[in-house]
$ cat upload_34.pdb   # PDB, C-alpha atoms, pLDDT in the B column
MODEL        1
ATOM      1  CA  MET A   1    -119.360  13.947  11.892  1.00 80.00           C
ATOM      2  CA  PRO A   2    -117.028  16.348  13.651  1.00 83.00           C
ATOM      3  CA  PHE A   3    -117.308  16.609  17.403  1.00 89.00           C
ATOM      4  CA  GLN A   4    -115.292  17.744  20.366  1.00 91.00           C
ATOM      5  CA  ALA A   5    -115.084  15.808  23.647  1.00 93.00           C
ATOM      6  CA  LEU A   6    -115.074  18.139  26.643  1.00 94.00           C
ATOM      7  CA  ALA A   7    -115.160  17.202  30.298  1.00 93.00           C
ATOM      8  CA  SER A   8    -117.769  18.749  32.517  1.00 95.00           C
ATOM      9  CA  HIS A   9    -116.766  20.106  35.885  1.00 95.00           C
ATOM     10  CA  VAL A  10    -119.793  19.010  37.871  1.00 96.00           C
ATOM     11  CA  ASP A  11    -119.260  17.502  41.299  1.00 96.00           C
ATOM     12  CA  GLU A  12    -120.778  14.072  40.697  1.00 94.00           C
ATOM     13  CA  ALA A  13    -120.365  12.929  44.300  1.00 93.00           C
ATOM     14  CA  THR A  14    -122.330  15.907  45.627  1.00 96.00           C
ATOM     15  CA  ILE A  15    -125.074  15.478  43.026  1.00 97.00           C
ATOM     16  CA  LYS A  16    -125.374  11.755  43.852  1.00 94.00           C
ATOM     17  CA  ALA A  17    -125.540  12.520  47.576  1.00 95.00           C
ATOM     18  CA  ASP A  18    -128.247  15.153  46.958  1.00 97.00           C
ATOM     19  CA  CYS A  19    -130.235  12.715  44.821  1.00 96.00           C
ATOM     20  CA  LYS A  20    -130.000  10.010  47.479  1.00 94.00           C
ATOM     21  CA  ALA A  21    -131.115  12.506  50.142  1.00 96.00           C
ATOM     22  CA  GLN A  22    -134.129  13.338  47.952  1.00 97.00           C
ATOM     23  CA  LYS A  23    -134.777   9.576  47.620  1.00 95.00           C
ATOM     24  CA  LEU A  24    -134.465   9.697  43.832  1.00 96.00           C
ATOM     25  CA  SER A  25    -134.117   6.392  42.036  1.00 94.00           C
ATOM     26  CA  LEU A  26    -130.917   5.326  40.343  1.00 93.00           C
ATOM     27  CA  ALA A  27    -132.482   6.101  36.951  1.00 95.00           C
ATOM     28  CA  GLU A  28    -133.546   9.575  38.099  1.00 97.00           C
ATOM     29  CA  THR A  29    -130.066  10.185  39.482  1.00 97.00           C
ATOM     30  CA  ALA A  30    -128.426   9.176  36.202  1.00 97.00           C
ATOM     31  CA  MET A  31    -130.684  11.627  34.354  1.00 98.00           C
ATOM     32  CA  VAL A  32    -129.907  14.429  36.818  1.00 98.00           C
ATOM     33  CA  LEU A  33    -126.192  13.798  36.262  1.00 97.00           C
ATOM     34  CA  ALA A  34    -126.528  13.691  32.461  1.00 98.00           C
ATOM     35  CA  ARG A  35    -128.447  16.983  32.498  1.00 98.00           C
ATOM     36  CA  ALA A  36    -125.904  18.600  34.807  1.00 98.00           C
ATOM     37  CA  LYS A  37    -122.999  17.532  32.588  1.00 98.00           C
ATOM     38  CA  ALA A  38    -124.677  18.732  29.379  1.00 98.00           C
ATOM     39  CA  ASN A  39    -125.681  22.054  30.942  1.00 98.00           C
ATOM     40  CA  ASP A  40    -122.223  22.608  32.438  1.00 98.00           C
ATOM     41  CA  VAL A  41    -120.452  22.212  29.092  1.00 97.00           C
ATOM     42  CA  GLY A  42    -123.318  23.845  27.201  1.00 97.00           C
ATOM     43  CA  LYS A  43    -123.032  27.148  29.048  1.00 96.00           C
ATOM     44  CA  ASP A  44    -119.707  27.765  27.248  1.00 96.00           C
ATOM     45  CA  HIS A  45    -121.072  26.504  23.902  1.00 96.00           C
ATOM     46  CA  PRO A  46    -124.595  27.941  23.625  1.00 95.00           C
ATOM     47  CA  ASP A  47    -124.896  27.558  19.837  1.00 95.00           C
ATOM     48  CA  ASP A  48    -123.804  23.939  19.779  1.00 95.00           C
ATOM     49  CA  LEU A  49    -125.623  20.713  20.469  1.00 97.00           C
ATOM     50  CA  VAL A  50    -124.008  19.429  23.654  1.00 97.00           C
ATOM     51  CA  LEU A  51    -124.411  15.819  24.727  1.00 98.00           C
ATOM     52  CA  GLY A  52    -124.143  14.815  28.365  1.00 97.00           C
ATOM     53  CA  ALA A  53    -124.386  11.211  29.490  1.00 96.00           C
ATOM     54  CA  ASP A  54    -124.185   9.107  32.597  1.00 95.00           C
ATOM     55  CA  GLN A  55    -124.272   5.427  33.440  1.00 94.00           C
ATOM     56  CA  ALA A  56    -125.311   4.022  36.775  1.00 94.00           C
ATOM     57  CA  LEU A  57    -125.314   0.477  38.080  1.00 95.00           C
ATOM     58  CA  THR A  58    -127.315  -1.246  40.769  1.00 95.00           C
ATOM     59  CA  CYS A  59    -127.201  -4.793  42.050  1.00 96.00           C
ATOM     60  CA  GLY A  60    -129.806  -5.607  44.638  1.00 91.00           C
ATOM     61  CA  LYS A  61    -130.201  -2.358  46.528  1.00 88.00           C
ATOM     62  CA  LYS A  62    -126.560  -1.308  46.216  1.00 92.00           C
ATOM     63  CA  TRP A  63    -125.505   1.525  43.927  1.00 92.00           C
ATOM     64  CA  PHE A  64    -122.064   1.114  42.411  1.00 93.00           C
ATOM     65  CA  ASP A  65    -119.622   3.884  41.529  1.00 89.00           C
ATOM     66  CA  LYS A  66    -116.602   3.663  39.287  1.00 90.00           C
ATOM     67  CA  PRO A  67    -114.011   1.645  41.150  1.00 93.00           C
ATOM     68  CA  ALA A  68    -110.939   3.507  42.352  1.00 91.00           C
ATOM     69  CA  GLY A  69    -108.159   1.143  41.383  1.00 91.00           C
ATOM     70  CA  ARG A  70    -107.661  -2.573  40.964  1.00 92.00           C
ATOM     71  CA  ASP A  71    -108.688  -3.554  44.483  1.00 93.00           C
ATOM     72  CA  GLU A  72    -112.090  -1.962  43.990  1.00 94.00           C
ATOM     73  CA  VAL A  73    -112.419  -3.530  40.522  1.00 94.00           C
ATOM     74  CA  ARG A  74    -111.812  -6.902  42.168  1.00 95.00           C
ATOM     75  CA  ALA A  75    -114.401  -6.147  44.874  1.00 95.00           C
ATOM     76  CA  HIS A  76    -116.985  -5.044  42.277  1.00 95.00           C
ATOM     77  CA  LEU A  77    -116.511  -8.188  40.217  1.00 96.00           C
ATOM     78  CA  MET A  78    -116.732 -10.391  43.305  1.00 95.00           C
ATOM     79  CA  GLN A  79    -120.038  -8.742  44.258  1.00 95.00           C
ATOM     80  CA  LEU A  80    -121.485  -8.895  40.732  1.00 96.00           C
ATOM     81  CA  GLN A  81    -120.346 -12.377  39.730  1.00 96.00           C
ATOM     82  CA  GLY A  82    -123.102 -14.942  39.474  1.00 97.00           C
ATOM     83  CA  ARG A  83    -125.790 -12.241  39.692  1.00 97.00           C
ATOM     84  CA  ALA A  84    -127.964 -10.018  37.539  1.00 97.00           C
ATOM     85  CA  HIS A  85    -127.551  -6.275  37.777  1.00 97.00           C
ATOM     86  CA  GLU A  86    -129.055  -3.256  36.068  1.00 96.00           C
ATOM     87  CA  LEU A  87    -127.036  -0.766  34.053  1.00 95.00           C
ATOM     88  CA  VAL A  88    -128.915   2.507  33.497  1.00 96.00           C
ATOM     89  CA  ASN A  89    -127.909   4.876  30.726  1.00 95.00           C
ATOM     90  CA  ALA A  90    -129.095   8.500  30.570  1.00 97.00           C
ATOM     91  CA  SER A  91    -128.271  10.884  27.725  1.00 97.00           C
ATOM     92  CA  VAL A  92    -129.239  14.513  27.232  1.00 98.00           C
ATOM     93  CA  VAL A  93    -128.622  17.030  24.457  1.00 98.00           C
ATOM     94  CA  VAL A  94    -128.851  20.729  25.252  1.00 98.00           C
ATOM     95  CA  GLN A  95    -128.616  23.758  23.012  1.00 97.00           C
ATOM     96  CA  GLY A  96    -128.755  27.325  24.213  1.00 96.00           C
ATOM     97  CA  GLY A  97    -129.612  26.227  27.739  1.00 94.00           C
ATOM     98  CA  THR A  98    -132.608  24.171  26.583  1.00 97.00           C
ATOM     99  CA  ILE A  99    -132.908  20.413  26.642  1.00 98.00           C
ATOM    100  CA  VAL A 100    -133.669  19.369  23.054  1.00 98.00           C
ATOM    101  CA  TRP A 101    -133.399  15.586  23.478  1.00 98.00           C
ATOM    102  CA  GLU A 102    -133.324  13.051  26.288  1.00 98.00           C
ATOM    103  CA  HIS A 103    -133.049   9.301  26.257  1.00 98.00           C
ATOM    104  CA  GLN A 104    -132.864   6.742  29.003  1.00 97.00           C
ATOM    105  CA  ASN A 105    -132.768   2.974  29.046  1.00 96.00           C
ATOM    106  CA  ALA A 106    -131.845   0.129  31.338  1.00 96.00           C
ATOM    107  CA  ILE A 107    -129.966  -3.032  30.497  1.00 96.00           C
ATOM    108  CA  THR A 108    -130.033  -6.195  32.556  1.00 97.00           C
ATOM    109  CA  MET A 109    -126.588  -7.760  32.710  1.00 96.00           C
ATOM    110  CA  VAL A 110    -126.148 -11.284  34.037  1.00 97.00           C
ATOM    111  CA  MET A 111    -122.592 -11.980  35.093  1.00 97.00           C
ATOM    112  CA  ARG A 112    -121.523 -15.593  35.186  1.00 97.00           C
ATOM    113  CA  PRO A 113    -119.925 -17.108  38.290  1.00 98.00           C
ATOM    114  CA  LEU A 114    -116.236 -16.182  38.232  1.00 96.00           C
ATOM    115  CA  SER A 115    -113.236 -17.802  39.824  1.00 96.00           C
ATOM    116  CA  GLU A 116    -110.690 -15.689  41.651  1.00 94.00           C
ATOM    117  CA  VAL A 117    -108.126 -16.891  39.094  1.00 95.00           C
ATOM    118  CA  PHE A 118    -110.254 -15.568  36.226  1.00 95.00           C
ATOM    119  CA  ILE A 119    -110.849 -12.243  37.990  1.00 95.00           C
ATOM    120  CA  GLU A 120    -107.111 -11.767  38.484  1.00 95.00           C
ATOM    121  CA  ALA A 121    -106.413 -12.675  34.850  1.00 94.00           C
ATOM    122  CA  TYR A 122    -109.092 -10.222  33.725  1.00 94.00           C
ATOM    123  CA  ILE A 123    -107.715  -7.406  35.878  1.00 94.00           C
ATOM    124  CA  ASN A 124    -104.172  -8.079  34.676  1.00 93.00           C
ATOM    125  CA  GLU A 125    -105.326  -8.118  31.033  1.00 92.00           C
ATOM    126  CA  VAL A 126    -107.420  -4.935  31.052  1.00 91.00           C
ATOM    127  CA  GLY A 127    -105.308  -3.042  33.569  1.00 88.00           C
ATOM    128  CA  ASP A 128    -106.338   0.360  34.839  1.00 88.00           C
ATOM    129  CA  SER A 129    -108.961   0.812  32.116  1.00 88.00           C
ATOM    130  CA  ALA A 130    -111.335  -1.343  34.201  1.00 87.00           C
ATOM    131  CA  SER A 131    -111.586   1.609  36.606  1.00 88.00           C
ATOM    132  CA  GLU A 132    -113.109   3.734  33.850  1.00 88.00           C
ATOM    133  CA  SER A 133    -116.409   1.816  33.927  1.00 88.00           C
ATOM    134  CA  VAL A 134    -119.001   1.853  36.668  1.00 89.00           C
ATOM    135  CA  GLY A 135    -119.016  -1.932  37.131  1.00 87.00           C
ATOM    136  CA  GLY A 136    -115.282  -2.405  36.789  1.00 89.00           C
ATOM    137  CA  TYR A 137    -115.779  -4.076  33.434  1.00 89.00           C
ATOM    138  CA  GLN A 138    -115.883  -3.290  29.763  1.00 86.00           C
ATOM    139  CA  LEU A 139    -117.879  -5.526  27.459  1.00 86.00           C
ATOM    140  CA  GLU A 140    -115.325  -5.081  24.711  1.00 82.00           C
ATOM    141  CA  GLY A 141    -112.561  -7.647  24.437  1.00 82.00           C
ATOM    142  CA  MET A 142    -112.029  -9.963  27.387  1.00 86.00           C
ATOM    143  CA  GLY A 143    -114.899  -8.324  29.274  1.00 89.00           C
ATOM    144  CA  ALA A 144    -117.394 -10.257  27.140  1.00 92.00           C
ATOM    145  CA  GLN A 145    -116.264 -13.392  28.965  1.00 93.00           C
ATOM    146  CA  LEU A 146    -117.629 -12.036  32.253  1.00 95.00           C
ATOM    147  CA  PHE A 147    -121.248 -12.459  31.177  1.00 96.00           C
ATOM    148  CA  ASP A 148    -123.818 -15.164  30.629  1.00 96.00           C
ATOM    149  CA  ARG A 149    -126.345 -12.739  29.146  1.00 95.00           C
ATOM    150  CA  THR A 150    -127.086  -9.099  28.450  1.00 95.00           C
ATOM    151  CA  ASP A 151    -130.624  -7.911  27.778  1.00 95.00           C
ATOM    152  CA  GLY A 152    -130.648  -4.496  26.179  1.00 93.00           C
ATOM    153  CA  ASP A 153    -128.983  -2.129  23.765  1.00 93.00           C
ATOM    154  CA  PHE A 154    -125.353  -3.071  23.107  1.00 93.00           C
ATOM    155  CA  PHE A 155    -124.270   0.516  22.397  1.00 93.00           C
ATOM    156  CA  SER A 156    -125.771   1.683  25.691  1.00 93.00           C
ATOM    157  CA  ILE A 157    -123.678  -0.899  27.508  1.00 92.00           C
ATOM    158  CA  LEU A 158    -120.646   0.695  25.881  1.00 90.00           C
ATOM    159  CA  GLY A 159    -121.830   4.072  27.188  1.00 89.00           C
ATOM    160  CA  LEU A 160    -123.933   5.755  24.500  1.00 93.00           C
ATOM    161  CA  PRO A 161    -127.322   4.825  23.010  1.00 95.00           C
ATOM    162  CA  LEU A 162    -125.993   5.316  19.494  1.00 95.00           C
ATOM    163  CA  LEU A 163    -129.070   4.359  17.465  1.00 96.00           C
ATOM    164  CA  PRO A 164    -131.519   6.670  19.303  1.00 97.00           C
ATOM    165  CA  LEU A 165    -128.918   9.452  19.187  1.00 97.00           C
ATOM    166  CA  LEU A 166    -128.463   9.009  15.434  1.00 96.00           C
ATOM    167  CA  ALA A 167    -132.256   9.120  14.986  1.00 96.00           C
ATOM    168  CA  PHE A 168    -132.320  12.448  16.854  1.00 97.00           C
ATOM    169  CA  LEU A 169    -129.430  13.818  14.784  1.00 96.00           C
ATOM    170  CA  ARG A 170    -131.303  12.851  11.587  1.00 96.00           C
ATOM    171  CA  THR A 171    -134.258  14.991  12.728  1.00 95.00           C
ATOM    172  CA  ARG A 172    -131.841  17.915  12.935  1.00 94.00           C
ATOM    173  CA  GLY A 173    -130.323  17.183   9.511  1.00 92.00           C
ATOM    174  CA  ILE A 174    -126.925  16.521  11.057  1.00 91.00           C
ATOM    175  CA  VAL A 175    -126.625  12.992   9.703  1.00 88.00           C
ATOM    176  CA  ALA A 176    -128.068  11.702   6.437  1.00 85.00           C
ATOM    177  CA  VAL A 177    -131.709  10.645   6.402  1.00 80.00           C
TER     178      VAL A 177
ENDMDL
END

$ encode --input "upload_34.pdb" --output "structure tokens"
Amino acid sequence: MPFQALASHVDEATIKADCKAQKLSLAETAMVLARAKANDVGKDHPDDLVLGADQALTCGKKWFDKPAGRDEVRAHLMQLQGRAHELVNASVVVQGGTIVWEHQNAITMVMRPLSEVFIEAYINEVGDSASESVGGYQLEGMGAQLFDRTDGDFFSILGLPLLPLLAFLRTRGIVAV
């Protein structure tokens, strides 16, 4: 199906700070961000279905952001290794300024204990792309070796709850029934 990927111009840091000040949960914050992204792009494309999404990660009581560079990737992995964490995925579709679909889920990810040697090898293998993911990891490729277990939707771990989205698109006649 044809689509166009467009970046939103929302200030994620400000939205996250506002959500924390309002004492919203991580899941609520992810949904606020997904809505803001969809609405931001949607205002220039009112006739189109516009998808906005966000992922958020928490381990213990700490919220994680995308790491800024390899040193932060290393720090994230050191904090997550040997522990379970929750990856929250929020997705929103807007059309004409109206939310027409929302989906949210949470995945429990259990990272195995990691040696510093393995972490360095991982960072060297995946390079700067590790900074593109909230936990400093990507499940694809070598990233699968970071985990003992994942409990939840695989596609959501990758960033998009594909099966629920396809079900929604079928209701709109966009993909085959």

$ resolve_selection --input "upload_34.pdb" --expression "the PyMOL selection byres ((chain A and resi 65) around 10)" --output "list in words"
Ala13, Gln55, Ala56, Leu57, Thr58, Lys62, Trp63, Phe64, Lys66, Pro67, Ala68, Glu72, His76, Ser131, Ser133, Val134, Gly135 and Gly136 of chain A

$ residues_around --input "upload_34.pdb" --residues "Gln138 in chain A" --least-positions-apart "4" --cutoff "10 Å" --atoms "all atoms listed in the file" --output "ChimeraX atom specification"
/A:126,129-134,142-144,146,157-159

$ resolve_selection --input "upload_34.pdb" --expression "the PyMOL selection byres ((chain A and resi 49) around 9)" --output "JSON, numbers by chain"
{"A": [42, 45, 46, 47, 48, 50, 51, 93, 94, 95, 96, 100]}

$ closest_residue --input "upload_34.pdb" --among "A:Pro2, A:Gly152, A:Gly60, A:Gly141" --to "Tyr122 in chain A" --atoms "all atoms listed in the file"
A:Gly141

$ closest_residue --input "upload_34.pdb" --among "A:Cys59, A:Met1, A:Val32, A:Ala75" --to "Lys16 in chain A" --atoms "only C-alpha atoms"
A:Val32

$ residues_around --input "upload_34.pdb" --residues "Arg74 in chain A" --least-positions-apart "3" --cutoff "8 Å" --atoms "all atoms listed in the file" --output "PyMOL selection string"
chain A and resi 70-71+77-78+119-120+123+136

$ residues_around --input "upload_34.pdb" --residues "Asp151 in chain A" --least-positions-apart "4" --cutoff "10 Å" --atoms "only C-alpha atoms" --output "ChimeraX atom specification"
/A:86,106-110,157

$ closest_residue --input "upload_34.pdb" --among "A:Glu102, A:Asp44, A:Asp128, A:Asp54" --to "Asn89 in chain A" --atoms "only C-alpha atoms"
A:Asp54

$ closest_residue --input "upload_34.pdb" --among "A:His85, A:Trp101, A:Phe147, A:Arg112" --to "Ala167 in chain A" --atoms "only C-alpha atoms"
A:Trp101

$ atom_distance --input "upload_34.pdb" --atom1 "CA of Val88 in chain A" --atom2 "CA of Phe168 in chain A"
19.7 Å

$ atom_distance --input "upload_34.pdb" --atom1 "CA of Leu87 in chain A" --atom2 "CA of Glu125 in chain A"
23.1 Å

$ residues_near_point --input "upload_34.pdb" --point "(-124.7, 20.1, 30.0)" --cutoff "8 Å" --atoms "only C-alpha atoms" --output "list in words"
Ser8, Ala34, Arg35, Ala36, Lys37, Ala38, Asn39, Asp40, Val41, Gly42, Lys43, Val50, Leu51, Gly52, Val92, Val93 and Val94 of chain A

$ residues_near_point --input "upload_34.pdb" --point "(-129.7, 9.0, 24.6)" --cutoff "7 Å" --atoms "all atoms listed in the file" --output "ChimeraX atom specification"
/A:90-92,102-104,160-161,164-165

$ atom_distance --input "upload_34.pdb" --atom1 "CA of Ala176 in chain A" --atom2 "CA of Thr98 in chain A"
24.1 Å

$ axis_aligned_box --input "upload_34.pdb" --around "range 74-84 of chain A" --padding-each-side "5 Å" --output "JSON"
{"center_x": -119.9, "center_y": -10.0, "center_z": 41.2, "size_x": 26.2, "size_y": 19.9, "size_z": 17.3}

$ closest_residue --input "upload_34.pdb" --among "A:Ser156, A:Leu169, A:Leu24, A:Asp148" --to "Met111 in chain A" --atoms "only C-alpha atoms"
A:Asp148

$ closest_residue --input "upload_34.pdb" --among "A:Gly69, A:Ala7, A:Gly82, A:Asn105" --to "Leu162 in chain A" --atoms "all atoms listed in the file"
A:Asn105
